[in-house]
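Text of the file work.cif, holding mmCIF, C-alpha atoms:
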data_start
#
loop_
_atom_site.label_atom_id
_atom_site.label_comp_id
_atom_site.auth_asym_id
_atom_site.auth_seq_id
_atom_site.Cartn_x
_atom_site.Cartn_y
_atom_site.Cartn_z
CA MET A 583 138.69 93.83 189.57
CA LYS A 584 140.55 92.09 186.79
CA THR A 585 142.24 94.16 184.11
CA ASP A 586 139.98 92.81 181.35
CA ASP A 587 136.87 93.63 183.39
CA LEU A 588 138.16 97.16 184.02
CA ILE A 589 138.79 97.72 180.32
CA ASP A 590 135.31 96.42 179.44
CA ALA A 591 133.74 98.70 182.06
CA LEU A 592 135.58 101.76 180.76
CA ALA A 593 134.76 100.96 177.15
CA ALA A 594 131.08 100.34 177.80
CA GLY A 595 130.23 104.04 178.08
CA LEU A 596 132.18 105.19 175.06
CA GLN A 597 130.28 106.78 172.19
CA PRO A 598 131.58 107.23 168.63
CA ALA A 599 133.06 110.69 168.18
CA ARG A 600 131.45 112.90 165.58
CA PRO A 601 133.75 113.86 162.69
CA ALA A 602 135.09 117.39 163.00
CA ARG A 603 133.34 119.88 160.76
CA LEU A 604 133.76 123.43 159.57
CA ASN A 605 131.58 125.90 161.43
CA LEU A 606 128.80 126.85 159.00
CA TRP A 607 127.88 130.08 160.79
CA LEU A 608 131.45 131.34 160.66
CA LEU A 609 131.60 130.53 156.93
CA ILE A 610 128.43 132.55 156.42
CA ALA A 611 130.06 135.35 158.42
CA ALA A 612 133.11 135.14 156.12
CA ALA A 613 130.92 135.52 153.03
CA ALA A 614 129.12 138.47 154.64
CA ALA A 615 132.48 140.03 155.54
CA SER A 616 133.57 139.81 151.89
CA VAL A 617 130.39 141.51 150.69
CA THR A 618 130.73 144.23 153.32
CA ALA A 619 134.40 144.83 152.50
CA VAL A 620 133.67 145.24 148.79
CA ALA A 621 130.75 147.58 149.45
CA LEU A 622 132.64 149.77 151.93
CA LEU A 623 136.15 149.77 150.47
CA LEU A 624 135.57 149.50 146.73
CA GLY A 625 131.96 150.39 146.11
CA VAL A 626 129.14 148.66 144.27
CA HIS A 627 128.90 148.75 140.47
CA HIS A 628 126.74 151.70 139.38
CA SER A 629 124.59 149.52 137.11
CA LEU A 630 124.44 146.47 139.36
CA THR A 631 120.86 145.55 138.48
CA GLU A 632 121.77 145.33 134.80
CA VAL A 633 125.03 143.52 135.49
CA LEU A 634 123.32 140.88 137.63
CA SER A 635 121.30 139.72 134.64
CA SER A 636 124.43 139.09 132.57
CA PRO A 637 125.21 135.41 131.81
CA THR A 638 128.94 136.16 131.91
CA LEU A 639 128.65 137.48 135.45
CA VAL A 640 126.80 134.33 136.48
CA LEU A 641 129.54 132.17 135.02
CA LYS A 642 132.21 134.29 136.72
CA GLY A 643 130.43 133.89 140.04
CA LEU A 644 130.00 130.15 139.53
CA TYR A 645 133.74 129.77 138.88
CA THR A 646 134.84 131.55 142.05
CA ALA A 647 132.08 129.93 144.12
CA ALA A 648 133.16 126.51 142.84
CA LEU A 649 136.74 127.31 143.88
CA ALA A 650 135.53 128.28 147.35
CA GLY A 651 133.53 125.06 147.69
CA ALA A 652 136.37 122.84 146.49
CA ALA A 653 138.86 124.62 148.76
CA LEU A 654 136.62 124.21 151.81
CA TRP A 655 136.19 120.53 150.98
CA LEU A 656 139.98 120.21 150.72
CA ALA A 657 140.46 122.03 154.04
CA LEU A 658 137.93 119.75 155.73
CA ARG A 659 139.68 116.61 154.51
CA ALA A 660 143.11 118.05 155.34
CA GLY A 661 141.86 118.70 158.87
CA ARG A 662 141.02 115.05 159.52
CA PRO A 663 144.14 112.97 160.18
CA GLY A 664 144.41 110.12 157.72
CA ALA A 665 141.73 111.43 155.36
CA ASP A 666 142.47 111.27 151.63
CA THR A 667 142.83 114.76 150.15
CA ARG A 668 143.41 113.69 146.55
CA THR A 669 139.81 113.95 145.31
CA PRO A 670 139.13 117.51 146.57
CA LEU A 671 142.59 118.63 145.41
CA ILE A 672 142.00 117.21 141.93
CA THR A 673 138.58 118.87 141.90
CA LEU A 674 140.09 122.23 142.83
CA LEU A 675 142.78 121.96 140.16
CA GLY A 676 140.21 120.72 137.65
CA VAL A 677 138.05 123.81 138.16
CA VAL A 678 141.08 126.04 137.59
CA GLY A 679 142.16 124.00 134.57
CA ALA A 680 138.72 124.24 132.98
CA ALA A 681 138.70 128.04 133.43
CA ILE A 682 142.18 128.38 131.92
CA LEU A 683 141.21 126.21 128.95
CA TRP A 684 138.06 128.24 128.38
CA GLY A 685 140.04 131.47 128.59
CA ALA A 686 142.66 130.20 126.13
CA ILE A 687 139.96 129.24 123.64
CA GLU A 688 138.36 132.67 124.05
CA VAL A 689 141.65 134.46 123.37
CA ALA A 690 142.42 132.23 120.36
CA ALA A 691 138.96 132.90 118.89
CA ALA A 692 139.21 136.68 119.29
CA PRO A 693 140.55 138.88 116.46
CA ALA A 694 144.31 139.30 116.70
CA ASP A 695 144.10 142.99 117.51
CA GLN A 696 141.69 142.38 120.41
CA ARG A 697 143.40 139.48 122.16
CA MET A 698 145.36 141.58 124.62
CA ALA A 699 142.22 143.52 125.54
CA VAL A 700 140.32 140.26 126.12
CA TRP A 701 143.11 139.02 128.38
CA LEU A 702 144.08 142.19 130.25
CA GLY A 703 140.82 144.10 130.28
CA GLN A 704 141.14 147.52 131.93
CA THR A 705 141.76 146.54 135.56
CA TRP A 706 144.29 143.70 135.47
CA THR A 707 146.78 145.64 137.59
CA ILE A 708 144.35 146.10 140.50
CA CYS A 709 142.29 142.92 140.31
CA GLY A 710 144.60 140.72 142.39
CA PRO A 711 145.30 143.36 145.05
CA ASN A 712 141.59 144.08 145.39
CA ILE A 713 140.82 140.40 145.89
CA LEU A 714 143.59 140.14 148.48
CA MET A 715 142.32 143.19 150.31
CA THR A 716 138.81 141.76 150.40
CA ALA A 717 140.13 138.35 151.45
CA ALA A 718 141.66 139.97 154.52
CA ALA A 719 138.11 140.50 155.79
CA SER A 720 137.00 136.91 155.18
CA ALA A 721 140.20 135.13 156.28
CA LEU A 722 139.71 135.37 160.05
CA PRO A 723 136.22 133.81 160.16
CA VAL A 724 137.31 131.16 157.64
CA PHE A 725 140.24 130.13 159.85
CA LEU A 726 138.08 130.27 162.97
CA ALA A 727 135.60 127.96 161.23
CA ALA A 728 138.34 125.32 161.17
CA ARG A 729 139.04 125.41 164.92
CA SER A 730 137.66 121.91 165.49
CA LEU A 731 139.90 120.37 162.82
CA ALA A 732 143.23 118.69 163.52
CA PRO A 733 145.40 118.99 160.40
CA THR A 734 148.62 117.02 160.34
CA ARG A 735 149.90 119.37 157.61
CA PRO A 736 149.03 122.84 158.91
CA ALA A 737 150.55 124.69 155.95
CA PHE A 738 148.59 122.58 153.45
CA ALA A 739 145.34 123.08 155.36
CA GLY A 740 146.11 126.79 155.69
CA MET A 741 146.63 126.99 151.93
CA ALA A 742 143.19 125.47 151.37
CA LEU A 743 141.58 127.88 153.83
CA GLY A 744 143.41 130.80 152.22
CA VAL A 745 142.14 129.78 148.79
CA ALA A 746 138.62 129.51 150.22
CA ALA A 747 138.86 133.02 151.72
CA GLY A 748 140.27 134.37 148.47
CA ALA A 749 137.56 132.71 146.39
CA MET A 750 134.82 134.09 148.65
CA ALA A 751 136.38 137.53 148.28
CA ALA A 752 136.64 137.10 144.51
CA THR A 753 132.98 136.14 144.30
CA ALA A 754 131.88 139.25 146.15
CA TYR A 755 134.32 141.40 144.18
CA GLY A 756 133.27 139.94 140.84
CA VAL A 757 129.54 140.23 141.43
CA LEU A 758 129.38 143.61 143.16
CA HIS A 759 132.25 145.66 141.77
CA CYS A 760 134.42 144.33 138.94
CA PRO A 761 133.26 145.15 135.37
CA GLU A 762 135.50 142.53 133.73
CA SER A 763 133.83 139.29 132.68
CA THR A 764 135.91 137.69 129.93
CA ALA A 765 136.92 134.13 130.70
CA ALA A 766 140.57 134.90 129.95
CA PHE A 767 140.61 137.79 132.42
CA VAL A 768 138.88 135.84 135.19
CA ALA A 769 140.94 132.69 134.65
CA THR A 770 144.17 134.68 134.90
CA TRP A 771 143.82 137.63 137.26
CA TYR A 772 141.12 136.32 139.57
CA THR A 773 142.96 133.02 139.88
CA LEU A 774 146.25 134.76 140.65
CA GLY A 775 144.60 136.84 143.38
CA ILE A 776 143.04 133.74 144.91
CA ALA A 777 146.33 131.84 144.64
CA ALA A 778 148.11 134.68 146.46
CA ALA A 779 145.57 134.36 149.27
CA GLY A 780 146.37 130.63 149.34
CA VAL A 781 150.10 131.32 149.73
CA ILE A 782 149.44 133.70 152.62
CA GLY A 783 147.08 131.13 154.12
CA ALA A 784 149.79 128.47 153.95
CA VAL A 785 152.17 130.69 155.90
CA ALA A 786 149.49 131.56 158.45
CA GLY A 787 148.44 127.93 158.75
CA ARG A 788 151.88 126.89 159.96
CA PHE A 789 151.24 128.86 163.12
CA ALA A 790 147.46 129.20 163.42
CA LEU A 791 146.60 125.53 162.83
CA ARG A 792 149.31 123.82 164.89
CA TRP A 793 148.10 121.55 167.69
#
As structure tokens, please, write out the structure in this file.
Amino acid sequence: MKTDDLIDALAAGLQPARPARLNLWLLIAAAAASVTAVALLLGVHHSLTEVLSSPTLVLKGLYTAALAGAALWLALRAGRPGADTRTPLITLLGVVGAAILWGAIEVAAAPADQRMAVWLGQTWTICGPNILMTAAASALPVFLAARSLAPTRPAFAGMALGVAAGAMAATAYGVLHCPESTAAFVATWYTLGIAAAGVIGAVAGRFALRW
């Protein structure tokens, strides 16, 4: 058989490979793990039914959920060699930037003697650690959800997955437990907790996502 004929014969049965995807069931498991961790380790807000009807809580949840979605999008693109990650990265940073701007306007509009209270609330010292603790429960299924990906920059992809785990944790923490809802508080202390999860994810990604 000639070489050209052999190549044609081998190529005839090839099918296009499906793009790698994040495992949806493991992402659902990560969200469930965050909810469970908050409920078991921190407890549910005593007036949860009243809190759930608050517009500020809805906005807080939308912010952290948007961060989780943008981070998962970034991780998915980072896990496909040659894929452009600029759009999801800009989206992620844009969500953070919008929250910071909103928080700054809120602080500027508050009376001078209340600005620190608007920014710090009553739980600023424990907010970040609580988000990190909750993210520890969601991190493993989030990273396992990316098993089919092939990132060429494991630390960058790990950062995105860490942010996603942190944002899932922050969503569960914010909805079920945390009483703070000012934009300035959420934009600062929630974002710092999520960013810390991203840093840890970047370190873990260097080892967990190598191929």
With a distance cut-off of 12 Å and only C-alpha atoms, select the neighbouring residues of Pro637 (chain A), excluding the residue or stretch itself and same-chain residues fewer than 6 positions from it, and output the selection as a list of chain:residue names.
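Close residues of Pro637 (chain A): A:Gly643, A:Leu644, A:Val757, A:Ser763, A:Thr764, A:Ala765.
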Expressed in Å to a single decimal, how great is the separation between CA of Leu624 (chain A) and CA of Ala747 (chain A)?
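Computed distance, CA of Leu624 (chain A) to CA of Ala747 (chain A), equals 17.5 Å.
The list of residues with at least one atom within 12 Å of Val700 (chain A), based on only C-alpha atoms and without residues fewer than 6 positions apart in the same chain, reads Gly685, Ala686, Ile687, Glu688, Val689, Ala690, Ala691, Ala692, Pro693, Ala694, Trp706, Glu762, Ser763, Thr764, Ala765, Ala766, Phe767, Val768, Ala769, Thr770 and Trp771 of chain A.
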Per-residue nearest contacts of region 636-745 of chain A to region 774-779 of chain A (7 Å; all atoms listed in the file) as CSV:
residue,atom,partner,partner_atom,distance
A:Gly710,CA,A:Gly775,CA,4.0
A:Pro711,CA,A:Gly775,CA,6.8
A:Ile713,CA,A:Gly775,CA,5.8
A:Leu714,CA,A:Gly775,CA,6.2
A:Gly744,CA,A:Ala779,CA,5.1
A:Val745,CA,A:Ile776,CA,5.6
Let's have the selection written as an mmCIF file, in the frame of the given file, with C-alpha atoms.
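Output file part09.cif follows:
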data_model
loop_
_atom_site.group_PDB
_atom_site.id
_atom_site.type_symbol
_atom_site.label_atom_id
_atom_site.label_comp_id
_atom_site.auth_asym_id
_atom_site.auth_seq_id
_atom_site.Cartn_x
_atom_site.Cartn_y
_atom_site.Cartn_z
ATOM 1 C CA GLY A 710 144.600 140.720 142.390
ATOM 2 C CA PRO A 711 145.300 143.360 145.050
ATOM 3 C CA ILE A 713 140.820 140.400 145.890
ATOM 4 C CA LEU A 714 143.590 140.140 148.480
ATOM 5 C CA GLY A 744 143.410 130.800 152.220
ATOM 6 C CA VAL A 745 142.140 129.780 148.790
#
Find the residue from A:Gly651, A:Gly664, A:Pro733, A:Pro761 that sits nearest to Ser636 (chain A); use only C-alpha atoms when measuring.
A:Pro761
Can you pull out the residues contacting Pro670 (chain A)? Cut-off 12 Å, using all atoms listed in the file, and skip same-chain residues under 3 positions away; I want them as a PyMOL selection string.
chain A and resi 648-660+665-667+673-677+742
Do a neighbour search on His759 (chain A) at 6 Å with only C-alpha atoms, toss out local chain neighbours closer than 2 positions, and write the hits as a list in words.
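Neighbouring residues, sequence-local ones excluded: Val626, His627, Tyr755 and Gly756 of chain A.
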Would you put the residues from that selection into a file with C-alpha atoms, as a short mmCIF file (atom, residue, chain, number, x, y, z; two decimals), keeping the file's coordinate frame?
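Okay, again39.cif is ready:
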data_model
loop_
_atom_site.label_atom_id
_atom_site.label_comp_id
_atom_site.auth_asym_id
_atom_site.auth_seq_id
_atom_site.Cartn_x
_atom_site.Cartn_y
_atom_site.Cartn_z
CA VAL A 626 129.14 148.66 144.27
CA HIS A 627 128.90 148.75 140.47
CA TYR A 755 134.32 141.40 144.18
CA GLY A 756 133.27 139.94 140.84
#
Evaluate the PyMOL selection byres ((chain A and resi 615) around 12) here and jot the selected residues down as number ranges by chain.
A: 608-614, 616-623, 715-724, 747-748, 750-751, 753-755
Emit the selected residues as a PDB file, in the coordinates of the input, including C-alpha atoms.
ATOM      1  CA  LEU A 608     131.450 131.340 160.660  1.00  0.00           C
ATOM      2  CA  LEU A 609     131.600 130.530 156.930  1.00  0.00           C
ATOM      3  CA  ILE A 610     128.430 132.550 156.420  1.00  0.00           C
ATOM      4  CA  ALA A 611     130.060 135.350 158.420  1.00  0.00           C
ATOM      5  CA  ALA A 612     133.110 135.140 156.120  1.00  0.00           C
ATOM      6  CA  ALA A 613     130.920 135.520 153.030  1.00  0.00           C
ATOM      7  CA  ALA A 614     129.120 138.470 154.640  1.00  0.00           C
ATOM      8  CA  SER A 616     133.570 139.810 151.890  1.00  0.00           C
ATOM      9  CA  VAL A 617     130.390 141.510 150.690  1.00  0.00           C
ATOM     10  CA  THR A 618     130.730 144.230 153.320  1.00  0.00           C
ATOM     11  CA  ALA A 619     134.400 144.830 152.500  1.00  0.00           C
ATOM     12  CA  VAL A 620     133.670 145.240 148.790  1.00  0.00           C
ATOM     13  CA  ALA A 621     130.750 147.580 149.450  1.00  0.00           C
ATOM     14  CA  LEU A 622     132.640 149.770 151.930  1.00  0.00           C
ATOM     15  CA  LEU A 623     136.150 149.770 150.470  1.00  0.00           C
ATOM     16  CA  MET A 715     142.320 143.190 150.310  1.00  0.00           C
ATOM     17  CA  THR A 716     138.810 141.760 150.400  1.00  0.00           C
ATOM     18  CA  ALA A 717     140.130 138.350 151.450  1.00  0.00           C
ATOM     19  CA  ALA A 718     141.660 139.970 154.520  1.00  0.00           C
ATOM     20  CA  ALA A 719     138.110 140.500 155.790  1.00  0.00           C
ATOM     21  CA  SER A 720     137.000 136.910 155.180  1.00  0.00           C
ATOM     22  CA  ALA A 721     140.200 135.130 156.280  1.00  0.00           C
ATOM     23  CA  LEU A 722     139.710 135.370 160.050  1.00  0.00           C
ATOM     24  CA  PRO A 723     136.220 133.810 160.160  1.00  0.00           C
ATOM     25  CA  VAL A 724     137.310 131.160 157.640  1.00  0.00           C
ATOM     26  CA  ALA A 747     138.860 133.020 151.720  1.00  0.00           C
ATOM     27  CA  GLY A 748     140.270 134.370 148.470  1.00  0.00           C
ATOM     28  CA  MET A 750     134.820 134.090 148.650  1.00  0.00           C
ATOM     29  CA  ALA A 751     136.380 137.530 148.280  1.00  0.00           C
ATOM     30  CA  THR A 753     132.980 136.140 144.300  1.00  0.00           C
ATOM     31  CA  ALA A 754     131.880 139.250 146.150  1.00  0.00           C
ATOM     32  CA  TYR A 755     134.320 141.400 144.180  1.00  0.00           C
TER      33      TYR A 755
END
Selection: 9 Å around Ala784 (chain A), all atoms listed in the file, excl. self and same-chain fewer than 4 positions, as an MDAnalysis selection string:
chainID A and resid 736:744 779:780 788
Give as a PyMOL selection string the residues that the PyMOL selection byres ((chain A and resi 731) around 6) matches when applied to the coordinates above.
chain A and resi 602+661+728-730+732
Export, as a JSON list (two decimals), in the frame of the given file, the selected residues with C-alpha atoms.
[["chain", "number", "residue", "atom", "x", "y", "z"],
["A", 602, "ALA", "CA", 135.09, 117.39, 163.00],
["A", 661, "GLY", "CA", 141.86, 118.70, 158.87],
["A", 728, "ALA", "CA", 138.34, 125.32, 161.17],
["A", 729, "ARG", "CA", 139.04, 125.41, 164.92],
["A", 730, "SER", "CA", 137.66, 121.91, 165.49],
["A", 732, "ALA", "CA", 143.23, 118.69, 163.52]]
Using only C-alpha atoms, find the one residue out of A:Lys642, A:Ala786, A:Ile672, A:Leu791 that sits nearest to Arg735 (chain A).
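The answer is A:Leu791, which sits nearest to Arg735 (chain A).
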For Gln704 (chain A), which residue out of A:Cys760, A:Gly679, A:Thr646, A:Ala752 is the nearest one, using only C-alpha atoms?
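For Gln704 (chain A), the nearest of the given residues is A:Cys760.
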Could you check the closest approach to Thr707 (chain A) for each of A:Ala749, A:Phe725, A:Thr734, A:Tyr772 and tell me which residue wins, using all atoms listed in the file?
A:Tyr772
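With CA of Thr773 (chain A) on one side and CA of Leu641 (chain A) on the other, the separation reads 14.3 Å.
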Could you tell me how far CA of Leu671 (chain A) lies from CA of Ala746 (chain A), in Å and to one decimal?
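About the pair CA of Leu671 (chain A) and CA of Ala746 (chain A): they are 12.5 Å apart.
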From the coordinates supplied, region 657-683 of chain A should be written with N, CA and C atoms, as a JSON list (two decimals), in the first residue's frame.
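selection02.json, written as the output of this step:
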[["chain", "number", "residue", "atom", "x", "y", "z"],
["A", 657, "ALA", "N", -11.79, 29.60, 33.52],
["A", 657, "ALA", "CA", -11.10, 28.32, 33.69],
["A", 657, "ALA", "C", -11.31, 27.42, 32.48],
["A", 658, "LEU", "N", -12.51, 27.43, 31.92],
["A", 658, "LEU", "CA", -12.80, 26.61, 30.75],
["A", 658, "LEU", "C", -11.95, 27.05, 29.56],
["A", 659, "ARG", "N", -11.85, 28.34, 29.33],
["A", 659, "ARG", "CA", -11.03, 28.82, 28.22],
["A", 659, "ARG", "C", -9.55, 28.58, 28.48],
["A", 660, "ALA", "N", -9.12, 28.75, 29.74],
["A", 660, "ALA", "CA", -7.72, 28.51, 30.08],
["A", 660, "ALA", "C", -7.36, 27.04, 29.94],
["A", 661, "GLY", "N", -8.34, 26.16, 30.01],
["A", 661, "GLY", "CA", -8.09, 24.73, 29.89],
["A", 661, "GLY", "C", -8.11, 24.20, 28.48],
["A", 662, "ARG", "N", -8.28, 25.07, 27.50],
["A", 662, "ARG", "CA", -8.26, 24.68, 26.09],
["A", 662, "ARG", "C", -7.06, 25.35, 25.42],
["A", 663, "PRO", "N", -6.04, 24.60, 25.10],
["A", 663, "PRO", "CA", -4.82, 25.20, 24.52],
["A", 663, "PRO", "C", -5.15, 26.06, 23.31],
["A", 664, "GLY", "N", -4.62, 27.28, 23.32],
["A", 664, "GLY", "CA", -4.83, 28.20, 22.22],
["A", 664, "GLY", "C", -6.06, 29.06, 22.32],
["A", 665, "ALA", "N", -6.95, 28.77, 23.28],
["A", 665, "ALA", "CA", -8.17, 29.56, 23.42],
["A", 665, "ALA", "C", -7.85, 30.94, 24.00],
["A", 666, "ASP", "N", -8.60, 31.94, 23.58],
["A", 666, "ASP", "CA", -8.40, 33.31, 24.03],
["A", 666, "ASP", "C", -9.09, 33.49, 25.38],
["A", 667, "THR", "N", -8.34, 33.89, 26.38],
["A", 667, "THR", "CA", -8.89, 34.07, 27.73],
["A", 667, "THR", "C", -9.19, 35.53, 28.05],
["A", 668, "ARG", "N", -8.98, 36.42, 27.09],
["A", 668, "ARG", "CA", -9.12, 37.85, 27.41],
["A", 668, "ARG", "C", -10.56, 38.24, 27.76],
["A", 669, "THR", "N", -11.53, 37.75, 26.99],
["A", 669, "THR", "CA", -12.92, 38.16, 27.23],
["A", 669, "THR", "C", -13.42, 37.71, 28.60],
["A", 670, "PRO", "N", -13.26, 36.43, 29.00],
["A", 670, "PRO", "CA", -13.71, 36.06, 30.34],
["A", 670, "PRO", "C", -12.93, 36.76, 31.45],
["A", 671, "LEU", "N", -11.63, 37.02, 31.22],
["A", 671, "LEU", "CA", -10.84, 37.71, 32.24],
["A", 671, "LEU", "C", -11.33, 39.15, 32.40],
["A", 672, "ILE", "N", -11.60, 39.82, 31.29],
["A", 672, "ILE", "CA", -12.12, 41.19, 31.36],
["A", 672, "ILE", "C", -13.48, 41.20, 32.02],
["A", 673, "THR", "N", -14.30, 40.20, 31.73],
["A", 673, "THR", "CA", -15.62, 40.10, 32.36],
["A", 673, "THR", "C", -15.49, 39.95, 33.86],
["A", 674, "LEU", "N", -14.59, 39.06, 34.29],
["A", 674, "LEU", "CA", -14.37, 38.85, 35.73],
["A", 674, "LEU", "C", -13.92, 40.14, 36.40],
["A", 675, "LEU", "N", -12.94, 40.81, 35.81],
["A", 675, "LEU", "CA", -12.44, 42.06, 36.40],
["A", 675, "LEU", "C", -13.50, 43.15, 36.34],
["A", 676, "GLY", "N", -14.32, 43.13, 35.29],
["A", 676, "GLY", "CA", -15.38, 44.12, 35.17],
["A", 676, "GLY", "C", -16.43, 43.98, 36.26],
["A", 677, "VAL", "N", -16.77, 42.74, 36.61],
["A", 677, "VAL", "CA", -17.73, 42.51, 37.69],
["A", 677, "VAL", "C", -17.18, 43.05, 39.01],
["A", 678, "VAL", "N", -15.90, 42.76, 39.26],
["A", 678, "VAL", "CA", -15.26, 43.27, 40.49],
["A", 678, "VAL", "C", -15.21, 44.80, 40.47],
["A", 679, "GLY", "N", -14.83, 45.36, 39.33],
["A", 679, "GLY", "CA", -14.74, 46.81, 39.22],
["A", 679, "GLY", "C", -16.08, 47.50, 39.45],
["A", 680, "ALA", "N", -17.14, 46.91, 38.92],
["A", 680, "ALA", "CA", -18.48, 47.49, 39.11],
["A", 680, "ALA", "C", -18.87, 47.47, 40.59],
["A", 681, "ALA", "N", -18.55, 46.37, 41.28],
["A", 681, "ALA", "CA", -18.87, 46.27, 42.71],
["A", 681, "ALA", "C", -18.08, 47.29, 43.52],
["A", 682, "ILE", "N", -16.81, 47.45, 43.19],
["A", 682, "ILE", "CA", -15.97, 48.42, 43.91],
["A", 682, "ILE", "C", -16.48, 49.84, 43.69],
["A", 683, "LEU", "N", -16.85, 50.15, 42.45],
["A", 683, "LEU", "CA", -17.38, 51.48, 42.15],
["A", 683, "LEU", "C", -18.67, 51.74, 42.91]]
